[in-house]
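Since the structure comes first, as structure tokens, the remarks are kept for the end.
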Amino acid sequence: MTEKINRFSIKGMTACAAVLFVLSVMPLLLLGKYNVMCIDDYNYGQLVHDTWVASGSLKQSVLTAFEQVKLVYMTTQGAYTSAFLMAMCPMNFNYYIGFVVPVIMIGMFSVSSFCLGRQILTRWLGSDKIRAAYVMFILLFMFYQVIEAPFEGIYWYNGSVHYIFMESLLFIILTLVSYSMWSEDKGTKSVISCIAASVIAPITAGSNLVTALQAEVLLAFLLVYAFFAHKKRLLYVLIPYLTYTAGFLCNVLAPGHRARAEIETVMGYSPVMSVLLSFYYAMVFMLQWTTAFVILTWLSLLPVLWQIARKSNKNFRHPVLVTLGVYCIISAMFTPTLYGLGTAGLSRVDNIIQMVYYLSLILVTTYWLGWISHNANPGNNVHSISAGMQFGSFLESTKNMMTFTCLLLVMVIWVFTADKNTYAGISALRSLVIGDGKVYYEEAMERHKLYIDETIRDVEVKPLSMKPALFDFEDINEDSEYWLNLSVNAYFHKHYVRIVE
């Protein structure tokens, strides 16, 4: 048995990892067929929905979305791209296609994360493509099982498009810029990548301030790196940086930020205190996100990461500086909410920070293993071998057994944990089996029939009797003046909407 496991090739392991990832997210996608509009989908979608109902014209709907962007930009926030996308909620045009939301969000975030992670592992850390692909499939499997807020990152259109989708665009930009910088091709491919990054950059700049600030920092870092290490490729980084910075300034200088601050009752911390607290909360949340499931997954990847590091032709000279730099990037993602709202732990924001942390954990681990394997000098005396090299020798000696054993333990925890709502994939599968998703959808559709019935002006609906555990959103209540009731009321043009027991 051990011999068979050890003979398993990295290509076979990568294929199995890909199958594992697909199977793990399949229940999440299937549960999406019971997804419907909720919360701020109504607020941001109302004007476009009215235009679509009145005209049936996609062109007019798009023009209305642009008008809404102007309104948001002047009165609320500078996130012009997010404002447009939130106005163009797919359910505005067909209420029954909520299933496309998880397809878009999981698809975009998975593909962009995979491409960025593989790009860094291959171009920056010297991995081969097969091992890099294996690492990313396992990482994505892990992330979608322990994602901080599944509903807000997968099913809720407004929340996921503002954070998950926009972070995906950032990952794509970083992949394209990195490719332009490192590509052996000095002509067409590098130029095309640069042009694509330069076009996507100002689009991404109109995102939430967490992603926007993170992008500005990372692109500035790449620009400085290119200036000192790749001057011949400097232009490939400079152009996307300039187009992004132009969009970033449009975002942060929007009149809507000042207008919102004047009426906002919640006060954030000062700039200095926000930065200082960011370092604290980064450590708190990283510890919170490092569960037994995550640790075992990380351990299962160590042998492959050691192989990548040992065979790499890169120089791993500054592990401490790299670690501190990554920690600063993660910390910076907490700063905007601390400054604007005085809080950390906003779940839809935490989704993207969590993924950046997991990706950073893998990359920093690889860098440290590279430093150990490239800088330790055991000499001729076996007793002088460093602890790091001994650890590396141990990882090599285990071959595939350590990976297999740790992943087996991960599977046991994943499948047999007592609370079946602990891990997102299992929770979705449970909802599909017991049928609470189906009941929830049928009751939501019964409500929708009343909402679109023009003969009914005063809508009274029953409470939802069931809903999937992953659909942990706020519902309307008995108070017809509650903000969410008012949002639904305005969207469907009723006198009032409320729940009646």
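By convention in this document, the chains of the structure tokens carry letters A, B, ... by their order, each chain's residues are numbered from 1, and ligands are numbered from 1 in the order they are shown.
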Checklist entry - Looking only at the backbone, which of the residues in segment 261-407 of chain A does DSSP tag as alpha helix (DSSP H), as a count of residues only? => result 110
Item to check | Among listed residues A:Ser373, A:Asn35, A:Asn313, A:Ser480, nearest His495 of chain A (using only C-alpha atoms) | outcome: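 With only C-alpha atoms as the atom set, the closest residue is A:Ser480.
For the choices A:Ser347, A:Asn485, A:Ser431, A:Thr366, the atom-to-atom distance to Thr122 of chain A is smallest for A:Thr366 when using only C-alpha atoms.
Using only C-alpha atoms for every distance, the candidate list A:Leu223, A:Val364, A:Ile5, A:Leu338 yields A:Val364 as the residue closest to Val322 of chain A.
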Which residues of segment 67-173 of chain A sit at most 8 Å from segment 245-258 of chain A, using only C-alpha atoms? Give each one's shortest atom pair and distance in Å (one decimal place), in chain and ascending residue order, as CSV.
residue,atom,partner,partner_atom,distance
A:Val72,CA,A:Gly256,CA,6.7
A:Tyr73,CA,A:Gly256,CA,5.2
A:Met74,CA,A:Gly256,CA,4.3
A:Thr75,CA,A:Gly256,CA,4.0
A:Thr76,CA,A:Gly256,CA,4.2
A:Gln77,CA,A:Gly256,CA,4.5
A:Gly78,CA,A:Asn251,CA,4.2
A:Ala79,CA,A:Asn251,CA,5.8
A:Tyr80,CA,A:Asn251,CA,7.1
Next on the checklist: Can you pull out the residues contacting Val326 of chain A? Cut-off 10 Å, using only C-alpha atoms, and skip same-chain residues under 3 positions away; I want them as number ranges by chain.
Outcome noted: A: 320-323, 329-332, 356-357, 360-361, 363-364
Could the residues in this selection be saved with N, CA and C atoms as a PDB file, in the first residue's frame?
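Output contents, as saved in selection_35.pdb:
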ATOM      1  N   VAL A 320      12.767  37.113   6.058  1.00  0.00           N
ATOM      2  CA  VAL A 320      12.175  37.957   7.099  1.00  0.00           C
ATOM      3  C   VAL A 320      11.483  39.163   6.471  1.00  0.00           C
ATOM      4  N   LEU A 321      12.149  39.812   5.512  1.00  0.00           N
ATOM      5  CA  LEU A 321      11.559  40.973   4.857  1.00  0.00           C
ATOM      6  C   LEU A 321      10.301  40.589   4.077  1.00  0.00           C
ATOM      7  N   VAL A 322      10.336  39.440   3.408  1.00  0.00           N
ATOM      8  CA  VAL A 322       9.169  38.977   2.658  1.00  0.00           C
ATOM      9  C   VAL A 322       8.002  38.714   3.614  1.00  0.00           C
ATOM     10  N   THR A 323       8.299  38.076   4.731  1.00  0.00           N
ATOM     11  CA  THR A 323       7.249  37.781   5.720  1.00  0.00           C
ATOM     12  C   THR A 323       6.643  39.061   6.275  1.00  0.00           C
ATOM     13  N   ILE A 329       0.777  43.817   4.057  1.00  0.00           N
ATOM     14  CA  ILE A 329      -0.274  43.826   3.032  1.00  0.00           C
ATOM     15  C   ILE A 329      -1.593  43.321   3.613  1.00  0.00           C
ATOM     16  N   ILE A 330      -1.520  42.234   4.375  1.00  0.00           N
ATOM     17  CA  ILE A 330      -2.733  41.701   5.007  1.00  0.00           C
ATOM     18  C   ILE A 330      -3.292  42.705   6.003  1.00  0.00           C
ATOM     19  N   SER A 331      -2.421  43.316   6.789  1.00  0.00           N
ATOM     20  CA  SER A 331      -2.859  44.304   7.778  1.00  0.00           C
ATOM     21  C   SER A 331      -3.538  45.490   7.111  1.00  0.00           C
ATOM     22  N   ALA A 332      -2.988  45.930   5.980  1.00  0.00           N
ATOM     23  CA  ALA A 332      -3.548  47.094   5.280  1.00  0.00           C
ATOM     24  C   ALA A 332      -4.981  46.862   4.838  1.00  0.00           C
ATOM     25  N   VAL A 356      -6.534  36.061   0.780  1.00  0.00           N
ATOM     26  CA  VAL A 356      -5.196  36.637   0.659  1.00  0.00           C
ATOM     27  C   VAL A 356      -4.272  36.047   1.731  1.00  0.00           C
ATOM     28  N   TYR A 357      -4.802  35.839   2.936  1.00  0.00           N
ATOM     29  CA  TYR A 357      -4.002  35.230   4.000  1.00  0.00           C
ATOM     30  C   TYR A 357      -3.589  33.808   3.642  1.00  0.00           C
ATOM     31  N   SER A 360      -1.042  33.842   0.933  1.00  0.00           N
ATOM     32  CA  SER A 360       0.224  34.330   1.483  1.00  0.00           C
ATOM     33  C   SER A 360       0.902  33.266   2.342  1.00  0.00           C
ATOM     34  N   LEU A 361       0.093  32.514   3.089  1.00  0.00           N
ATOM     35  CA  LEU A 361       0.650  31.461   3.944  1.00  0.00           C
ATOM     36  C   LEU A 361       1.416  30.437   3.115  1.00  0.00           C
ATOM     37  N   LEU A 363       2.690  30.885   0.047  1.00  0.00           N
ATOM     38  CA  LEU A 363       3.823  31.497  -0.637  1.00  0.00           C
ATOM     39  C   LEU A 363       4.969  31.799   0.321  1.00  0.00           C
ATOM     40  N   VAL A 364       4.648  32.278   1.512  1.00  0.00           N
ATOM     41  CA  VAL A 364       5.699  32.559   2.506  1.00  0.00           C
ATOM     42  C   VAL A 364       6.346  31.252   2.971  1.00  0.00           C
TER      43      VAL A 364
END
Checklist entry - Out of A:Val237, A:Val433, A:Met401, A:Leu484, which residue has the shortest atom-to-atom distance to Pro468 of chain A when counting only C-alpha atoms? => result A:Val433
Give me the segment 289-392 of chain A side of the contact with segment 410-425 of chain A, cut-off 9 Å, one line per residue showing its nearest atom pair and distance in Å at one decimal, counting only C-alpha atoms, sorted by chain and residue number, as a tab-separated table.
residue	atom	partner	partner_atom	distance
A:Ala292	CA	A:Val410	CA	8.7
A:Phe293	CA	A:Val410	CA	6.0
A:Val294	CA	A:Val410	CA	8.6
A:Leu296	CA	A:Val410	CA	6.3
A:Thr297	CA	A:Val410	CA	6.7
Item to check | Test item: residues at most 9 Å from Glu216 of chain A, only C-alpha atoms, excluding those fewer than 4 positions along its chain, as a VMD selection string | outcome: chain A and resid 205 211 to 212 220 to 221 241 244 to 245 248
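Nearest residue to Gly437 of chain A, choosing from A:Phe227, A:Phe99, A:Phe84, A:Phe471 and counting only C-alpha atoms: A:Phe471.
Checking A:Tyr134, A:Trp52, A:Phe109, A:Tyr42 one by one against Val19 of chain A, counting only C-alpha atoms, you find the shortest gap at A:Tyr134.
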